[in-house]
Amino acid sequence: RPGGKEAPAVAAQPTGSTKSFQTLLISTEDNITTIRLNRPEKKNAITAEMYNELIEALDLAGKDDSVITAITGSGDYYCSGNDLNNFTKSPEGGVEKMAKDAGQLLRRYVKAYIDFPKPLIGVINGPAVGVSVTLLGLFDVVYATERATFHTPFSQLGQSPEGCSSYLFPKMMGAAKASEMLLFNKKLTAAQACEVGLVTEVFPESSFQSEVWTRLKAYAKLPRNLIRAVEKEKLYAINDAEVERLVERWLSDECMQAIMSFFQAKSKL
């Protein structure tokens, strides 16, 4: 399995996390904890297991001795969003229970970012889709390779945005630009994402890794003040409202049909 061979080395590092995960690689070095999404063969699509592991990894990173935490992806993609296979399993308690459970998991997941007590840095090593994009408003700094793209195709899938993006995106980039992304599925290049304030800085692909990690090592020595701490209660309320709306969307015929169409199109490729 790609990346599988690296896992023991990460676990064996004396400064690394002692906990090993199935879908993530965690390491701590130079006061930086790195959480690496590690399903490269699936473009780091997020399963329910990965959501749970990310919640746990963020909790551990928040409590460890590191000063900052970086999130990045293995392979060519940062993250391709939800693994749509999450929606195709036949749940025991029926579709309503599945939607409710998925909503509770998503609420906990977004809350883990809102509550994160240290600076959170996004290291966007390739294309980012869906929830991996909407969450970026909760990061303190976002660095991207020039190869990265940012796409939130919610209306194509009969869904609605999450990650507090319905509040943070208009605040960050203005209502019109936020609507282009969240309602009209506009895919942004790294340069465009930087222009609207979603990305802090874009780096050439050839020097991306070395430049970013040099920058992070310098950050790990600076005093910190977290932006999201100021608006915590507001963000909790936004998260609750977004999840409630999404659960409704998941139960709609429109969403079910859009997901079925996605799989039918995929099977013809």
# chains A, B, ... in the order shown; residues from 1 in each chain; ligands from 1
>>> residues_around(residues="segment 191-205 of chain A", least_positions_apart="6", cutoff="7 Å", atoms="only C-alpha atoms", output="number ranges by chain")
A: 136-137, 141-147, 172-173
>>> write_last_selection(atoms="C-alpha atoms", output="JSON list (two decimals), in the first residue's frame")
[["chain", "number", "residue", "atom", "x", "y", "z"],
["A", 136, "LEU", "CA", -9.74, 26.41, 5.46],
["A", 137, "GLY", "CA", -11.45, 29.50, 6.89],
["A", 141, "VAL", "CA", -2.35, 30.21, 7.70],
["A", 142, "VAL", "CA", -2.79, 28.31, 4.41],
["A", 143, "TYR", "CA", 0.16, 27.64, 2.10],
["A", 144, "ALA", "CA", -0.45, 26.11, -1.32],
["A", 145, "THR", "CA", 1.60, 24.76, -4.18],
["A", 146, "GLU", "CA", 0.86, 26.44, -7.52],
["A", 147, "ARG", "CA", -0.60, 23.05, -8.61],
["A", 172, "MET", "CA", -13.13, 36.74, 3.97],
["A", 173, "MET", "CA", -13.79, 37.27, 0.24]]
>>> residues_around(residues="Tyr78 of chain A", least_positions_apart="4", cutoff="9 Å", atoms="only C-alpha atoms", output="JSON, numbers by chain")
{"A": [37, 40, 43, 44, 72, 73, 74, 123, 124, 125, 126, 127, 128, 129, 132, 148]}
>>> select_by_dssp(residues="segment 168-253 of chain A", states="strand (DSSP E or B)", output="PDB file with N, CA and C atoms, in the first residue's frame")
ATOM      1  N   LEU A 188     -11.293  27.272  -8.068  1.00  0.00           N
ATOM      2  CA  LEU A 188     -10.253  28.303  -8.056  1.00  0.00           C
ATOM      3  C   LEU A 188      -8.869  27.688  -8.231  1.00  0.00           C
ATOM      4  N   THR A 189      -8.022  28.383  -8.952  1.00  0.00           N
ATOM      5  CA  THR A 189      -6.599  28.015  -8.985  1.00  0.00           C
ATOM      6  C   THR A 189      -5.983  28.494  -7.667  1.00  0.00           C
ATOM      7  N   GLU A 201      -0.327  32.189   0.897  1.00  0.00           N
ATOM      8  CA  GLU A 201       0.779  32.349  -0.057  1.00  0.00           C
ATOM      9  C   GLU A 201       0.880  31.112  -0.944  1.00  0.00           C
ATOM     10  N   VAL A 202       1.280  31.343  -2.192  1.00  0.00           N
ATOM     11  CA  VAL A 202       1.436  30.250  -3.167  1.00  0.00           C
ATOM     12  C   VAL A 202       2.922  30.095  -3.482  1.00  0.00           C
ATOM     13  N   PHE A 203       3.366  28.844  -3.574  1.00  0.00           N
ATOM     14  CA  PHE A 203       4.779  28.557  -3.843  1.00  0.00           C
ATOM     15  C   PHE A 203       4.925  27.725  -5.109  1.00  0.00           C
TER      16      PHE A 203
END
>>> select_by_dssp(residues="segment 5-197 of chain A", states="alpha helix (DSSP H)", output="PyMOL selection string")
chain A and resi 6-12+48-63+94-114+131-134+165-173+175-182+190-195
>>> atom_distance(atom1="atom CA of Asp59 of chain A", atom2="atom CA of Phe116 of chain A")
7.7 Å
>>> residues_around(residues="segment 239-254 of chain A", least_positions_apart="3", cutoff="8 Å", atoms="only C-alpha atoms", output="PyMOL selection string")
chain A and resi 95-96+99-100+102-104+106-107+110-111+157-164+166+235-236+257-258
>>> atom_distance(atom1="atom CA of Ser80 of chain A", atom2="atom CA of Ser210 of chain A")
23.9 Å
>>> residues_around(residues="Asn31 of chain A", least_positions_apart="3", cutoff="8 Å", atoms="only C-alpha atoms", output="JSON, numbers by chain")
{"A": [28, 65, 66, 67, 68, 217, 220]}
>>> residues_around(residues="Tyr51 of chain A", least_positions_apart="3", cutoff="9 Å", atoms="only C-alpha atoms", output="CSV table (one decimal) with N, CA and C atoms, in the first residue's frame")
chain,number,residue,atom,x,y,z
A,46,ILE,N,-12.2,11.3,2.4
A,46,ILE,CA,-12.4,11.2,3.9
A,46,ILE,C,-13.6,10.2,4.1
A,47,THR,N,-13.3,9.1,4.8
A,47,THR,CA,-14.2,8.1,5.2
A,47,THR,C,-14.7,8.4,6.7
A,48,ALA,N,-15.7,7.7,7.2
A,48,ALA,CA,-16.1,7.9,8.6
A,48,ALA,C,-14.9,7.6,9.5
A,54,LEU,N,-9.1,11.8,12.5
A,54,LEU,CA,-8.7,13.2,12.5
A,54,LEU,C,-9.1,14.0,13.8
A,55,ILE,N,-10.3,13.6,14.3
A,55,ILE,CA,-10.8,14.3,15.5
A,55,ILE,C,-9.8,13.9,16.7
A,56,GLU,N,-9.4,12.6,16.7
A,56,GLU,CA,-8.5,12.1,17.7
A,56,GLU,C,-7.1,12.7,17.6
A,105,LEU,N,-21.2,13.3,13.4
A,105,LEU,CA,-19.8,13.2,13.2
A,105,LEU,C,-19.2,14.4,12.6
A,106,LEU,N,-19.9,15.0,11.6
A,106,LEU,CA,-19.4,16.2,11.0
A,106,LEU,C,-19.4,17.4,12.0
A,109,TYR,N,-16.4,17.0,14.1
A,109,TYR,CA,-15.2,17.2,13.3
A,109,TYR,C,-14.9,18.7,13.2
>>> atom_distance(atom1="atom CA of Phe208 of chain A", atom2="atom CA of Gly62 of chain A")
25.6 Å
>>> closest_residue(among="A:Glu231, A:Tyr77, A:Gln156, A:Ala57", to="Ser261 of chain A", atoms="only C-alpha atoms")
A:Gln156
